[in-house]
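J.: Here you go, one structure.
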Amino acid sequence: MRFKSTLLIFAGLIFTLASCSSNPYGPTNKVYKKQTKELSKVIRTKPINPSGENFVGTTNFGLRKPNYVIIHHTEQKSTEQTLKTFTLPRTQVSAHYVIGRDGAVYQMLHDLLRAWHGGAAKWGNLTDINSASIGIELDNNGLEPFSETQINSLLKVLTKLKKSHGIPAANFIGHSDIAPGRKVDPNINFPWKTLAEKGFGLWQDSILVDSVPESFKHLEALRIIGYDIKNPVNAQKSFQLHFVQKDITGVLNEEEKKILFNLYKKYL
Ligand SMILES: [Zn+2]
């Protein structure tokens, strides 16, 4: 009997060692599990006061859902490096999904949990972007084009997210959109037009007006779309990076104002 239990312990040890060596993220997966357990405890706490006085549990509720998707590039050398960064507590950054150059998709936390990917950011009146969004990081050195394989994987993830959370097309945006002057991801090569054609994000019509009305206020239009126009040059740069994708001057020319005029009406 004693021999049998020693054998079992030994077998268990071998199994643990084997699973650790096959999955380098075994230990951080354990931390993830522990933290989700702690969060579920928070939800189970009666929220009004400790004694439960005046607490009347309603029968009608669900979980809050993300309503935005923020796309990033990692500006790192490999997926491996990004996964490592997002599993080190000291970095304080994470994303729901990481997609490799080879199209491999890694999910790092549940869609209904809050990842730390937006940082100081604003879109319209929304300031706590992390609470309202899903963060997707694309493995990229910050300058290179995105491979077709990687974009195909991204489209699959976006399709799933749009369906499960009912996210509106206009709410698929980039990190640079919500953090003008601070962030420039995803880079200028990102295929926003392709995404918009599939229903993720908006894009301008192919035919634009000959000239914008004299009364058209371009900064006001940027603000209506969602841009933080506190620094007008930075807001215009972010707009150019997303919707023009060439010379990022920070000052919209006449052609670019026509694009903006066309787009802002879609956001009204
Ligand atoms: Zn980013």
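Here, A, B, ... name the chains of the structure tokens in the order displayed, residue numbers run from 1 inside each chain, and ligands are numbered from 1 in the same displayed order.
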Counting only C-alpha atoms and all ligand atoms, what are the residues, protein, DNA or RNA alike, that approach ligand 1 to within 7 Å? I want them as a ChimeraX atom specification.
T.: /A:72-74,117-118,175,183,185
J.: Name the residues of range 40-248 of chain A that fall into helix (DSSP H, G or I) according to DSSP on the backbone, using the chain letters and numbers of this document, as number ranges by chain.
T.: A: 40-44, 79-85, 89-91, 129-132, 148-165, 169-171, 175-178, 192-197, 218-225, 232-243
J.: Please dump the current selection as a PDB file, in the first residue's frame; keep C-alpha atoms.
T.:
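Written file, selection_7.pdb:
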ATOM      1  CA  SER A  40     -14.874  35.507  -9.462  1.00  0.00           C
ATOM      2  CA  LYS A  41     -14.825  35.856  -5.679  1.00  0.00           C
ATOM      3  CA  VAL A  42     -15.184  39.641  -6.099  1.00  0.00           C
ATOM      4  CA  ILE A  43     -18.252  39.129  -8.281  1.00  0.00           C
ATOM      5  CA  ARG A  44     -19.816  36.782  -5.748  1.00  0.00           C
ATOM      6  CA  THR A  79       5.679  36.266 -31.005  1.00  0.00           C
ATOM      7  CA  GLU A  80       7.767  34.465 -28.388  1.00  0.00           C
ATOM      8  CA  GLN A  81       9.147  37.800 -27.191  1.00  0.00           C
ATOM      9  CA  THR A  82       5.643  39.308 -26.979  1.00  0.00           C
ATOM     10  CA  LEU A  83       4.211  36.327 -25.078  1.00  0.00           C
ATOM     11  CA  LYS A  84       7.086  36.659 -22.654  1.00  0.00           C
ATOM     12  CA  THR A  85       6.521  40.418 -22.214  1.00  0.00           C
ATOM     13  CA  PRO A  89       4.146  41.052 -14.006  1.00  0.00           C
ATOM     14  CA  ARG A  90       6.575  43.982 -14.030  1.00  0.00           C
ATOM     15  CA  THR A  91       5.665  45.018 -17.609  1.00  0.00           C
ATOM     16  CA  ILE A 129     -10.782  52.061 -23.212  1.00  0.00           C
ATOM     17  CA  ASN A 130      -9.437  48.916 -21.532  1.00  0.00           C
ATOM     18  CA  SER A 131     -12.753  48.292 -19.782  1.00  0.00           C
ATOM     19  CA  ALA A 132     -14.682  48.548 -23.027  1.00  0.00           C
ATOM     20  CA  GLU A 148      -1.518  37.843 -45.768  1.00  0.00           C
ATOM     21  CA  THR A 149      -1.480  34.832 -43.439  1.00  0.00           C
ATOM     22  CA  GLN A 150      -1.431  37.106 -40.414  1.00  0.00           C
ATOM     23  CA  ILE A 151      -4.283  39.259 -41.740  1.00  0.00           C
ATOM     24  CA  ASN A 152      -6.360  36.171 -42.583  1.00  0.00           C
ATOM     25  CA  SER A 153      -6.000  34.982 -38.997  1.00  0.00           C
ATOM     26  CA  LEU A 154      -6.902  38.441 -37.752  1.00  0.00           C
ATOM     27  CA  LEU A 155     -10.054  38.444 -39.893  1.00  0.00           C
ATOM     28  CA  LYS A 156     -11.092  35.110 -38.391  1.00  0.00           C
ATOM     29  CA  VAL A 157     -10.658  36.466 -34.853  1.00  0.00           C
ATOM     30  CA  LEU A 158     -12.539  39.671 -35.726  1.00  0.00           C
ATOM     31  CA  THR A 159     -15.417  37.695 -37.255  1.00  0.00           C
ATOM     32  CA  LYS A 160     -15.756  35.699 -34.048  1.00  0.00           C
ATOM     33  CA  LEU A 161     -15.582  38.805 -31.841  1.00  0.00           C
ATOM     34  CA  LYS A 162     -18.080  40.783 -33.887  1.00  0.00           C
ATOM     35  CA  LYS A 163     -20.536  37.912 -33.739  1.00  0.00           C
ATOM     36  CA  SER A 164     -20.166  37.040 -30.069  1.00  0.00           C
ATOM     37  CA  HIS A 165     -20.164  40.597 -28.730  1.00  0.00           C
ATOM     38  CA  ALA A 169     -18.233  48.175 -37.581  1.00  0.00           C
ATOM     39  CA  ALA A 170     -17.115  51.701 -36.635  1.00  0.00           C
ATOM     40  CA  ASN A 171     -15.647  50.414 -33.356  1.00  0.00           C
ATOM     41  CA  HIS A 175      -4.089  52.185 -30.988  1.00  0.00           C
ATOM     42  CA  SER A 176      -2.905  55.313 -32.835  1.00  0.00           C
ATOM     43  CA  ASP A 177      -6.543  56.419 -33.197  1.00  0.00           C
ATOM     44  CA  ILE A 178      -7.111  56.440 -29.449  1.00  0.00           C
ATOM     45  CA  TRP A 192      -7.599  49.139 -42.994  1.00  0.00           C
ATOM     46  CA  LYS A 193      -9.420  49.265 -46.355  1.00  0.00           C
ATOM     47  CA  THR A 194      -9.496  45.445 -46.621  1.00  0.00           C
ATOM     48  CA  LEU A 195     -10.796  45.221 -43.066  1.00  0.00           C
ATOM     49  CA  ALA A 196     -13.514  47.791 -43.721  1.00  0.00           C
ATOM     50  CA  GLU A 197     -14.633  45.856 -46.798  1.00  0.00           C
ATOM     51  CA  HIS A 218     -12.198  69.653 -40.141  1.00  0.00           C
ATOM     52  CA  LEU A 219     -11.124  69.528 -36.486  1.00  0.00           C
ATOM     53  CA  GLU A 220     -14.740  69.352 -35.403  1.00  0.00           C
ATOM     54  CA  ALA A 221     -15.232  66.445 -37.838  1.00  0.00           C
ATOM     55  CA  LEU A 222     -12.233  64.629 -36.366  1.00  0.00           C
ATOM     56  CA  ARG A 223     -13.732  65.098 -32.907  1.00  0.00           C
ATOM     57  CA  ILE A 224     -17.084  63.734 -34.068  1.00  0.00           C
ATOM     58  CA  ILE A 225     -15.358  60.626 -35.437  1.00  0.00           C
ATOM     59  CA  PRO A 232      -4.696  69.166 -33.520  1.00  0.00           C
ATOM     60  CA  VAL A 233      -1.464  68.162 -35.297  1.00  0.00           C
ATOM     61  CA  ASN A 234      -1.343  64.808 -33.531  1.00  0.00           C
ATOM     62  CA  ALA A 235      -5.036  64.162 -34.228  1.00  0.00           C
ATOM     63  CA  GLN A 236      -4.505  64.892 -37.931  1.00  0.00           C
ATOM     64  CA  LYS A 237      -1.454  62.609 -37.969  1.00  0.00           C
ATOM     65  CA  SER A 238      -3.481  59.738 -36.504  1.00  0.00           C
ATOM     66  CA  PHE A 239      -6.217  60.326 -39.065  1.00  0.00           C
ATOM     67  CA  GLN A 240      -3.669  60.305 -41.913  1.00  0.00           C
ATOM     68  CA  LEU A 241      -2.065  57.111 -40.602  1.00  0.00           C
ATOM     69  CA  HIS A 242      -5.407  55.294 -40.624  1.00  0.00           C
ATOM     70  CA  PHE A 243      -7.333  56.766 -43.555  1.00  0.00           C
TER      71      PHE A 243
END
J.: What is the CA of Lys217 in chain A-CA of Glu255 in chain A distance in Å, reported with one decimal?
T.: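 Interatomic distance, CA of Lys217 in chain A to CA of Glu255 in chain A: 14.5 Å.
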J.: Check which residues of range 85-169 of chain A sit at most 9 Å from range 25-36 of chain A using only C-alpha atoms, and return one row each with the closest pair of atoms and their distance in Å to one decimal, ordered by chain and rising number, as JSON lines.
T.:
{"residue": "A:Thr87", "atom": "CA", "partner": "A:Thr28", "partner_atom": "CA", "distance": 6.5}
{"residue": "A:Leu88", "atom": "CA", "partner": "A:Thr28", "partner_atom": "CA", "distance": 8.5}
{"residue": "A:Leu109", "atom": "CA", "partner": "A:Tyr32", "partner_atom": "CA", "distance": 8.1}
{"residue": "A:Leu113", "atom": "CA", "partner": "A:Thr36", "partner_atom": "CA", "distance": 8.8}
J.: Mind dumping the selected residues with all heavy atoms as a PDB file, in the first residue's frame?
T.:
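Result file follows (result_10.pdb):
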ATOM      1  N   THR A  87       3.677  38.080 -20.019  1.00  0.00           N
ATOM      2  CA  THR A  87       3.547  37.173 -18.868  1.00  0.00           C
ATOM      3  C   THR A  87       4.521  37.552 -17.754  1.00  0.00           C
ATOM      4  O   THR A  87       4.708  36.794 -16.817  1.00  0.00           O
ATOM      5  CB  THR A  87       3.774  35.701 -19.300  1.00  0.00           C
ATOM      6  OG1 THR A  87       4.946  35.625 -20.108  1.00  0.00           O
ATOM      7  CG2 THR A  87       2.598  35.158 -20.088  1.00  0.00           C
ATOM      8  N   LEU A  88       5.143  38.737 -17.897  1.00  0.00           N
ATOM      9  CA  LEU A  88       6.002  39.239 -16.828  1.00  0.00           C
ATOM     10  C   LEU A  88       5.236  40.312 -16.056  1.00  0.00           C
ATOM     11  O   LEU A  88       4.872  41.340 -16.632  1.00  0.00           O
ATOM     12  CB  LEU A  88       7.275  39.869 -17.406  1.00  0.00           C
ATOM     13  CG  LEU A  88       8.300  38.925 -18.059  1.00  0.00           C
ATOM     14  CD1 LEU A  88       9.403  39.740 -18.724  1.00  0.00           C
ATOM     15  CD2 LEU A  88       8.889  37.978 -17.021  1.00  0.00           C
ATOM     16  N   LEU A 109      -6.202  36.040 -22.454  1.00  0.00           N
ATOM     17  CA  LEU A 109      -7.186  36.127 -21.370  1.00  0.00           C
ATOM     18  C   LEU A 109      -8.588  36.123 -21.959  1.00  0.00           C
ATOM     19  O   LEU A 109      -8.771  36.346 -23.161  1.00  0.00           O
ATOM     20  CB  LEU A 109      -6.965  37.355 -20.480  1.00  0.00           C
ATOM     21  CG  LEU A 109      -7.308  38.744 -20.989  1.00  0.00           C
ATOM     22  CD1 LEU A 109      -7.553  39.674 -19.823  1.00  0.00           C
ATOM     23  CD2 LEU A 109      -6.169  39.292 -21.813  1.00  0.00           C
ATOM     24  N   LEU A 113     -12.650  39.676 -19.632  1.00  0.00           N
ATOM     25  CA  LEU A 113     -11.739  40.271 -18.641  1.00  0.00           C
ATOM     26  C   LEU A 113     -11.034  41.479 -19.258  1.00  0.00           C
ATOM     27  O   LEU A 113     -10.980  41.627 -20.480  1.00  0.00           O
ATOM     28  CB  LEU A 113     -10.725  39.234 -18.153  1.00  0.00           C
ATOM     29  CG  LEU A 113     -11.308  38.098 -17.303  1.00  0.00           C
ATOM     30  CD1 LEU A 113     -10.249  37.042 -17.032  1.00  0.00           C
ATOM     31  CD2 LEU A 113     -11.860  38.640 -15.983  1.00  0.00           C
TER      32      LEU A 113
END
